[in-house]
$ cat coords_19.txt   # compact mmCIF, C-alpha atoms
# COMPACT_ATOMS: atom_id res chain seq x y z
CA MET F 1 0.00 0.00 0.00
CA ALA F 2 3.00 2.39 0.45
CA GLY F 3 3.50 2.59 -3.30
CA GLY F 4 -0.24 3.22 -3.82
CA ASN F 5 -0.31 6.12 -1.30
CA HIS F 6 2.68 7.72 -2.96
CA MET F 7 1.02 7.61 -6.37
CA LEU F 8 -2.21 9.07 -4.95
CA LYS F 9 -0.35 12.02 -3.45
CA GLN F 10 1.39 12.68 -6.77
CA LEU F 11 -1.97 12.62 -8.57
CA LEU F 12 -3.56 15.06 -6.13
CA ARG F 13 -0.69 17.47 -6.57
CA SER F 14 -1.10 17.35 -10.33
CA VAL F 15 -4.85 17.99 -10.10
CA ARG F 16 -4.37 20.93 -7.67
CA ALA F 17 -1.82 22.51 -9.98
CA THR F 18 -4.22 22.16 -12.90
CA ILE F 19 -7.33 23.54 -11.15
CA GLY F 20 -5.54 26.25 -9.25
CA PRO F 21 -6.60 28.03 -6.01
CA SER F 22 -9.89 29.26 -7.50
CA GLY F 23 -11.54 25.83 -7.65
CA PRO F 24 -11.69 24.46 -4.09
CA VAL F 25 -15.15 22.97 -4.56
CA ALA F 26 -14.22 21.14 -7.74
CA PHE F 27 -11.01 20.02 -6.16
CA SER F 28 -12.80 18.63 -3.10
CA ALA F 29 -15.29 16.70 -5.26
CA LEU F 30 -12.56 15.26 -7.38
CA CYS F 31 -10.65 14.19 -4.29
CA MET F 32 -13.73 12.38 -2.98
CA ALA F 33 -14.14 10.57 -6.33
CA LEU F 34 -10.50 9.51 -6.39
CA LEU F 35 -10.69 8.23 -2.84
CA LEU F 36 -13.78 6.20 -3.73
CA VAL F 37 -12.00 4.64 -6.74
CA VAL F 38 -8.99 3.74 -4.60
CA ALA F 39 -11.25 2.18 -1.96
CA LEU F 40 -13.07 0.05 -4.54
CA SER F 41 -9.78 -1.09 -6.08
CA ALA F 42 -8.48 -2.14 -2.68
CA CYS F 43 -11.59 -4.22 -2.03
CA GLY F 44 -11.45 -5.88 -5.46
CA ASP F 45 -14.17 -6.67 -8.04
CA GLY F 46 -14.72 -10.28 -7.05
CA ASN F 47 -11.93 -11.72 -9.28
CA ASP F 48 -8.79 -13.22 -7.74
CA THR F 49 -6.25 -11.36 -9.85
CA PRO F 50 -2.70 -11.73 -8.50
CA ALA F 51 -0.07 -9.03 -8.90
CA ASN F 52 2.53 -11.27 -10.61
CA GLY F 53 2.43 -9.70 -14.01
CA GLY F 54 -1.36 -9.89 -14.28
CA ALA F 55 -1.52 -13.69 -14.73
CA GLN F 56 -4.60 -15.37 -13.30
CA ALA F 57 -4.27 -18.48 -11.17
CA THR F 58 -5.97 -21.57 -12.66
CA PRO F 59 -8.44 -23.03 -10.19
CA ARG F 60 -7.98 -26.71 -9.25
CA THR F 61 -10.73 -28.99 -10.46
CA ASN F 62 -11.86 -32.36 -9.23
CA ALA F 63 -11.13 -33.91 -12.63
CA ALA F 64 -7.44 -33.06 -12.23
CA GLU F 65 -7.33 -35.07 -9.01
CA VAL F 66 -8.50 -38.34 -10.61
CA ARG F 67 -5.78 -40.98 -10.67
CA GLU F 68 -5.71 -44.48 -12.13
CA THR F 69 -4.17 -47.39 -10.26
CA GLY F 70 -4.38 -50.79 -11.82
CA GLY F 71 -7.02 -49.59 -14.25
CA GLU F 72 -9.38 -48.35 -11.50
CA ALA F 73 -10.04 -44.68 -10.88
CA THR F 74 -9.21 -43.52 -7.35
CA ARG F 75 -10.43 -40.23 -5.93
CA PRO F 76 -9.30 -38.12 -2.97
CA SER F 77 -11.60 -37.68 0.00
CA GLY F 78 -14.42 -35.32 -0.86
CA GLY F 79 -13.53 -35.34 -4.58
CA SER F 80 -15.83 -35.61 -7.54
CA THR F 81 -17.36 -38.97 -8.45
CA ALA F 82 -17.42 -38.18 -12.20
CA GLU F 83 -15.54 -40.67 -14.36
CA PRO F 84 -13.01 -39.37 -16.91
CA GLU F 85 -14.18 -39.52 -20.52
CA PRO F 86 -12.70 -42.47 -22.50
CA THR F 87 -10.47 -41.75 -25.46
CA ALA F 88 -12.32 -42.56 -28.68
CA ALA F 89 -10.51 -44.98 -30.98
CA LYS F 90 -10.13 -43.87 -34.58
CA ASN F 91 -9.48 -45.57 -37.90
CA ALA F 92 -7.14 -44.50 -40.70
CA GLY F 93 -9.72 -41.99 -41.92
CA GLY F 94 -9.78 -40.22 -38.58
CA GLU F 95 -13.31 -41.37 -37.79
CA ALA F 96 -14.10 -42.54 -34.28
CA THR F 97 -14.72 -46.29 -34.22
CA GLY F 98 -16.60 -46.00 -30.95
CA ASN F 99 -16.12 -47.67 -27.61
CA GLY F 100 -18.79 -50.33 -28.04
CA GLY F 101 -18.32 -54.08 -28.16
CA PHE F 102 -17.01 -56.30 -30.94
CA ALA F 103 -18.95 -58.63 -33.20
CA SER F 104 -15.92 -60.61 -34.46
CA VAL F 105 -12.13 -60.77 -34.23
CA SER F 106 -9.27 -62.06 -36.40
CA ALA F 107 -5.77 -62.78 -35.05
CA SER F 108 -2.74 -63.10 -37.32
CA THR F 109 1.04 -63.06 -37.07
CA ASN F 110 1.79 -59.74 -35.41
CA HIS F 111 -1.52 -57.89 -35.53
CA SER F 112 -5.20 -58.47 -34.94
CA CYS F 113 -8.38 -56.78 -36.13
CA GLY F 114 -12.00 -56.83 -35.11
CA VAL F 115 -15.36 -55.59 -36.32
CA ARG F 116 -17.24 -53.55 -33.76
CA THR F 117 -20.99 -53.83 -33.36
CA ASN F 118 -21.38 -50.55 -35.28
CA GLY F 119 -19.53 -52.03 -38.29
CA ALA F 120 -16.28 -50.13 -37.79
CA VAL F 121 -13.01 -52.08 -38.01
CA GLU F 122 -10.31 -51.58 -35.41
CA CYS F 123 -6.83 -53.16 -35.42
CA TRP F 124 -4.02 -53.42 -32.89
CA GLY F 125 -0.44 -54.68 -32.96
CA ALA F 126 1.95 -54.29 -35.90
CA ASP F 127 1.38 -51.66 -38.56
CA LEU F 128 4.59 -51.86 -40.60
CA PHE F 129 2.81 -51.91 -43.97
CA GLY F 130 -0.46 -50.28 -42.95
CA GLU F 131 -2.09 -53.60 -42.07
CA GLY F 132 -3.22 -52.09 -38.78
CA ALA F 133 -4.79 -48.96 -40.30
CA PRO F 134 -8.29 -49.90 -41.50
CA PRO F 135 -10.28 -47.56 -43.73
CA PRO F 136 -13.47 -45.88 -42.50
CA GLY F 137 -16.87 -47.34 -43.23
CA GLU F 138 -19.00 -50.30 -42.19
CA PHE F 139 -17.86 -53.91 -42.56
CA SER F 140 -19.58 -57.21 -41.97
CA SER F 141 -16.36 -59.22 -41.46
CA VAL F 142 -12.57 -58.86 -41.39
CA SER F 143 -9.61 -61.20 -41.85
CA ALA F 144 -6.03 -60.44 -40.81
CA GLY F 145 -3.22 -61.89 -42.94
CA SER F 146 0.53 -61.87 -42.37
CA ASN F 147 1.15 -58.25 -43.41
CA HIS F 148 -2.21 -57.27 -44.88
CA THR F 149 -5.86 -57.24 -43.91
CA CYS F 150 -9.07 -57.63 -45.88
CA GLY F 151 -12.70 -57.06 -44.99
CA VAL F 152 -16.13 -57.42 -46.54
CA ARG F 153 -18.14 -54.21 -46.55
CA ILE F 154 -21.86 -54.32 -45.87
CA ASP F 155 -22.53 -53.90 -49.61
CA GLY F 156 -20.50 -57.05 -50.37
CA ALA F 157 -17.40 -55.32 -51.74
CA VAL F 158 -14.00 -56.48 -50.46
CA GLU F 159 -11.44 -53.90 -49.38
CA CYS F 160 -7.87 -54.68 -48.35
CA TRP F 161 -5.09 -52.65 -46.75
CA GLY F 162 -1.45 -53.28 -45.89
CA ARG F 163 1.30 -54.88 -47.94
CA ASP F 164 0.53 -55.37 -51.63
CA ASN F 165 3.84 -56.50 -53.14
CA VAL F 166 2.25 -59.47 -54.94
CA GLY F 167 -1.30 -58.18 -55.25
CA GLN F 168 -2.63 -59.66 -52.01
CA SER F 169 -4.34 -56.35 -51.20
CA THR F 170 -5.85 -55.80 -54.66
CA PRO F 171 -9.19 -57.63 -54.60
CA PRO F 172 -11.40 -58.10 -57.64
CA GLU F 173 -14.74 -56.40 -57.96
CA GLY F 174 -17.96 -58.15 -57.13
CA ASP F 175 -20.16 -59.16 -54.20
CA PHE F 176 -18.61 -61.40 -51.56
CA SER F 177 -20.07 -63.15 -48.54
CA SER F 178 -16.73 -63.87 -46.80
CA VAL F 179 -12.98 -63.33 -47.16
CA SER F 180 -9.86 -65.02 -45.78
CA ALA F 181 -6.40 -63.40 -45.81
CA GLY F 182 -3.42 -65.76 -45.90
CA SER F 183 0.32 -65.18 -45.86
CA ALA F 184 0.71 -63.26 -49.14
CA TYR F 185 -2.60 -63.99 -50.84
CA THR F 186 -6.32 -63.77 -50.18
CA CYS F 187 -9.41 -65.78 -51.09
CA GLY F 188 -13.08 -65.01 -50.83
CA VAL F 189 -16.42 -66.65 -51.44
CA ARG F 190 -18.67 -64.70 -53.82
CA ARG F 191 -22.38 -64.48 -53.21
CA ASP F 192 -22.94 -66.94 -56.06
CA GLY F 193 -20.78 -69.51 -54.22
CA SER F 194 -17.70 -69.33 -56.44
CA VAL F 195 -14.26 -68.74 -54.91
CA ALA F 196 -11.91 -66.01 -56.11
CA CYS F 197 -8.29 -65.67 -54.98
CA TRP F 198 -5.64 -62.98 -55.58
CA GLY F 199 -2.00 -62.48 -54.67
CA ASP F 200 0.84 -65.01 -54.52
CA ASP F 201 0.13 -68.15 -56.57
CA GLU F 202 3.55 -69.79 -56.66
CA ASP F 203 2.16 -73.08 -55.34
CA GLY F 204 -1.30 -72.83 -56.84
CA GLN F 205 -2.87 -71.59 -53.60
CA SER F 206 -4.62 -68.81 -55.50
CA THR F 207 -6.07 -71.09 -58.20
CA PRO F 208 -9.32 -72.41 -56.73
CA PRO F 209 -11.33 -75.18 -58.31
CA GLU F 210 -14.69 -74.51 -59.86
CA GLY F 211 -17.88 -75.18 -58.02
CA GLU F 212 -20.02 -73.73 -55.28
CA PHE F 213 -18.54 -73.16 -51.81
CA VAL F 214 -19.93 -72.04 -48.46
CA SER F 215 -16.60 -71.11 -46.84
CA VAL F 216 -12.88 -70.82 -47.57
CA SER F 217 -9.70 -70.60 -45.48
CA ALA F 218 -6.36 -69.28 -46.77
CA GLY F 219 -3.19 -70.49 -45.06
CA ASP F 220 0.50 -70.10 -45.78
CA ASP F 221 0.67 -71.73 -49.22
CA THR F 222 -2.38 -73.98 -49.10
CA THR F 223 -6.10 -73.19 -49.23
CA CYS F 224 -9.09 -75.26 -48.15
CA GLY F 225 -12.80 -74.75 -48.60
CA VAL F 226 -16.12 -76.38 -47.85
CA ARG F 227 -18.32 -77.05 -50.87
CA SER F 228 -22.07 -76.62 -50.85
CA ASP F 229 -22.42 -80.41 -50.45
CA ALA F 230 -20.38 -80.16 -47.18
CA ALA F 231 -17.28 -81.84 -48.67
CA VAL F 232 -13.82 -80.34 -48.01
CA VAL F 233 -11.41 -79.67 -50.86
CA CYS F 234 -7.91 -78.18 -50.67
CA TRP F 235 -5.49 -76.72 -53.24
CA GLY F 236 -1.95 -75.39 -53.18
CA ALA F 237 1.42 -76.66 -51.96
CA ALA F 238 0.33 -79.28 -49.45
CA THR F 239 -2.12 -81.11 -51.69
CA GLY F 240 0.28 -83.53 -53.33
CA GLY F 241 -0.42 -86.25 -50.81
CA GLU F 242 0.71 -84.15 -47.84
CA ILE F 243 -2.83 -83.42 -46.66
CA TRP F 244 -5.18 -86.29 -46.07
CA ILE F 245 -8.70 -84.98 -46.36
CA PRO F 246 -11.21 -87.05 -44.44
CA GLU F 247 -14.58 -87.93 -45.87
CA GLY F 248 -17.84 -86.81 -44.40
CA GLU F 249 -19.79 -83.59 -44.06
CA PHE F 250 -18.23 -80.43 -42.66
CA ALA F 251 -19.65 -77.05 -41.69
CA SER F 252 -16.31 -75.21 -41.84
CA VAL F 253 -12.56 -75.70 -42.24
CA SER F 254 -9.56 -73.76 -40.96
CA ILE F 255 -5.94 -74.03 -42.12
CA ASP F 256 -2.69 -72.45 -41.00
CA GLY F 257 -0.22 -74.80 -39.34
CA PRO F 258 -2.82 -77.38 -38.33
CA VAL F 259 -5.71 -78.22 -40.64
CA CYS F 260 -8.96 -78.76 -38.79
CA GLY F 261 -12.58 -79.07 -39.79
CA LEU F 262 -15.82 -78.71 -37.92
CA ARG F 263 -18.21 -81.49 -38.83
CA THR F 264 -21.92 -80.87 -39.17
CA ASP F 265 -22.51 -82.83 -35.94
CA GLY F 266 -20.31 -80.36 -34.01
CA THR F 267 -17.27 -82.62 -33.59
CA VAL F 268 -13.80 -81.47 -34.66
CA GLU F 269 -11.38 -83.44 -36.80
CA CYS F 270 -7.82 -82.41 -37.63
CA TRP F 271 -5.84 -84.02 -40.44
CA SER F 272 -2.45 -83.08 -39.00
CA ASP F 273 -0.42 -84.06 -35.95
CA ASP F 274 -2.84 -82.37 -33.57
CA THR F 275 -5.60 -84.20 -31.76
CA PRO F 276 -8.60 -82.04 -30.86
CA PRO F 277 -10.59 -82.62 -27.69
CA GLU F 278 -13.88 -84.43 -27.72
CA GLY F 279 -17.18 -82.65 -27.45
CA GLU F 280 -19.47 -80.46 -29.52
CA PHE F 281 -18.18 -77.17 -30.92
CA ALA F 282 -19.83 -74.16 -32.54
CA SER F 283 -16.71 -72.85 -34.33
CA ILE F 284 -12.98 -73.52 -34.73
CA SER F 285 -9.85 -71.61 -35.77
CA ALA F 286 -6.35 -72.88 -36.66
CA GLY F 287 -3.24 -70.86 -35.82
CA ALA F 288 0.44 -71.30 -36.64
CA GLY F 289 1.00 -74.22 -34.27
CA HIS F 290 -2.21 -74.52 -32.32
CA ALA F 291 -5.96 -74.45 -32.78
CA CYS F 292 -8.91 -73.32 -30.69
CA GLY F 293 -12.65 -73.74 -30.75
CA VAL F 294 -15.76 -72.43 -29.03
CA ARG F 295 -17.84 -75.18 -27.48
CA THR F 296 -21.61 -75.06 -27.76
CA GLY F 297 -21.72 -73.98 -24.12
CA GLY F 298 -19.54 -70.94 -24.81
CA SER F 299 -16.27 -72.09 -23.26
CA VAL F 300 -13.06 -72.11 -25.34
CA ALA F 301 -10.82 -75.16 -25.73
CA CYS F 302 -7.38 -75.09 -27.41
CA TRP F 303 -4.87 -77.74 -28.40
CA GLY F 304 -1.40 -77.92 -29.97
CA LEU F 305 1.66 -75.83 -29.12
CA ASP F 306 1.44 -73.79 -25.96
CA SER F 307 4.94 -72.31 -25.56
CA PHE F 308 3.59 -68.80 -24.97
CA GLY F 309 0.24 -69.63 -23.42
CA GLU F 310 -1.57 -69.34 -26.75
CA ALA F 311 -3.39 -72.61 -26.06
CA THR F 312 -4.37 -71.78 -22.48
CA PRO F 313 -7.67 -69.91 -22.81
CA PRO F 314 -9.29 -68.01 -19.94
CA GLU F 315 -12.53 -69.09 -18.35
CA GLY F 316 -15.83 -67.60 -19.33
CA GLU F 317 -18.24 -67.61 -22.25
CA PHE F 318 -17.19 -66.61 -25.75
CA SER F 319 -19.09 -66.16 -28.99
CA SER F 320 -16.08 -66.60 -31.33
CA VAL F 321 -12.33 -67.26 -31.28
CA SER F 322 -9.39 -66.71 -33.66
CA ALA F 323 -5.99 -68.40 -33.37
CA GLY F 324 -2.98 -66.44 -34.62
CA TRP F 325 0.77 -66.89 -34.38
CA ARG F 326 1.63 -67.55 -30.73
CA HIS F 327 -1.45 -65.70 -29.54
CA THR F 328 -5.22 -66.10 -29.62
CA CYS F 329 -8.11 -63.66 -29.36
CA GLY F 330 -11.76 -64.25 -28.65
CA VAL F 331 -14.97 -62.24 -28.38
CA ARG F 332 -16.81 -62.71 -25.11
CA THR F 333 -20.58 -62.85 -25.02
CA ASP F 334 -20.65 -59.28 -23.68
CA GLY F 335 -18.77 -58.03 -26.76
CA ALA F 336 -15.39 -57.56 -25.09
CA VAL F 337 -12.27 -58.93 -26.81
CA GLN F 338 -9.77 -60.90 -24.76
CA CYS F 339 -6.42 -62.20 -26.02
CA TRP F 340 -3.90 -64.59 -24.54
CA GLY F 341 -0.41 -65.83 -25.46
CA GLU F 342 2.61 -63.86 -26.67
CA ASP F 343 2.18 -60.10 -26.54
CA HIS F 344 5.46 -59.14 -28.22
CA PRO F 345 5.96 -57.37 -30.49
CA ASN F 346 3.62 -54.40 -30.83
CA ASP F 347 1.13 -55.35 -28.10
CA LYS F 348 -0.64 -57.68 -30.50
CA ALA F 349 -2.44 -59.37 -27.60
CA LYS F 350 -3.73 -56.11 -26.08
CA PRO F 351 -7.02 -55.23 -27.74
CA PRO F 352 -8.60 -51.79 -27.18
CA GLY F 353 -10.77 -51.88 -24.12
CA GLY F 354 -9.96 -55.56 -23.62
CA SER F 355 -7.38 -57.62 -21.78

$ encode --input "coords_19.txt" --output "structure tokens"
Amino acid sequence: MAGGNHMLKQLLRSVRATIGPSGPVAFSALCMALLLVVALSACGDGNDTPANGGAQATPRTNAAEVRETGGEATRPSGGSTAEPEPTAAKNAGGEATGNGGFASVSASTNHSCGVRTNGAVECWGADLFGEGAPPPGEFSSVSAGSNHTCGVRIDGAVECWGRDNVGQSTPPEGDFSSVSAGSAYTCGVRRDGSVACWGDDEDGQSTPPEGEFVSVSAGDDTTCGVRSDAAVVCWGAATGGEIWIPEGEFASVSIDGPVCGLRTDGTVECWSDDTPPEGEFASISAGAGHACGVRTGGSVACWGLDSFGEATPPEGEFSSVSAGWRHTCGVRTDGAVQCWGEDHPNDKAKPPGGS
């Protein structure tokens, strides 16, 4: 206040010199007005304005006090109970994919992708060639290959992204019901039942036979499909007597390292060195050295190599499962994705909002 009093005295002297001795009334009124202004300034106008260069202090908020420990929000005593807003996931087009559940998932070598319930595709793990950067739009299914990914849009068109050095990400036009991405090639079932393949064809894996199919599975250099009469047929490198295809009726087939088929009665048969468990299954998926399936009761069973825990599924009910390379992912009945097995590199076993 000493500096303020000094300035006030200097101001009064200046006013007196200006008005002169003939204006005592005006001078007295002006003095009263100046004193009133000084008094109001000392009291303040209701704003906490500090004197450090005019900068205003930022008030502390309850949101700033929220901390996360082990994934759970902890609050100080008397703090706000409001939860922090989740970060919206986005695709390659910058569109938010939402924080809802997943309808399906596909695990591959070093990345995985899933279709959310709103049709948006989200990927996690490796993205060296853009395989983990899906385009915007709505999809009905997705399939993750070694370094590329393909999906079927809701209008039946196939779109691929990622590595395309041999054409594995350049699909043909037309309406498709499903797609399967392999190592460096892709195959899909058209709505008329015919199979079309594109990409690497060194071993004939991209040269499908004629006929009507209900499903197809692309592996490393061999492809298998289920015909409309429920018979399994394979083509590619491992068809010269290396793969023994059992007779009977199948609902689906899956090939990667193991080759396994789901029979129409729900039992699983593998024509490789792996022996599946007994029981009735709703779906199966073959990975690099292991395979997994969802039982009709919702539990997951796996068999084969388990060096990284890829064949040790968690408890609980699942709607689908996908076996990759040293890791496996599944969609729980509540729409959450859970993965198990090797998580290195690129957090391939850490789905968004999952575990």

$ residues_around --input "coords_19.txt" --residues "stretch 223-240 of chain F" --least-positions-apart "3" --cutoff "6 Å" --atoms "only C-alpha atoms" --output "PyMOL selection string"
chain F and resi 203-205+212-219+243+249-250

$ atom_distance --input "coords_19.txt" --atom1 "atom CA of F:Gly162" --atom2 "atom CA of F:Gly137"
16.7 Å

$ residues_around --input "coords_19.txt" --residues "F:Ala196" --least-positions-apart "4" --cutoff "7 Å" --atoms "only C-alpha atoms" --output "PyMOL selection string"
chain F and resi 187-189+208

$ atom_distance --input "coords_19.txt" --atom1 "atom CA of F:Asp256" --atom2 "atom CA of F:Phe176"
22.1 Å

$ atom_distance --input "coords_19.txt" --atom1 "atom CA of F:Gly199" --atom2 "atom CA of F:Asn165"
8.5 Å

$ closest_residue --input "coords_19.txt" --among "F:Val321, F:Ala144, F:Ala311, F:Ala181" --to "F:Val337" --atoms "only C-alpha atoms"
F:Val321
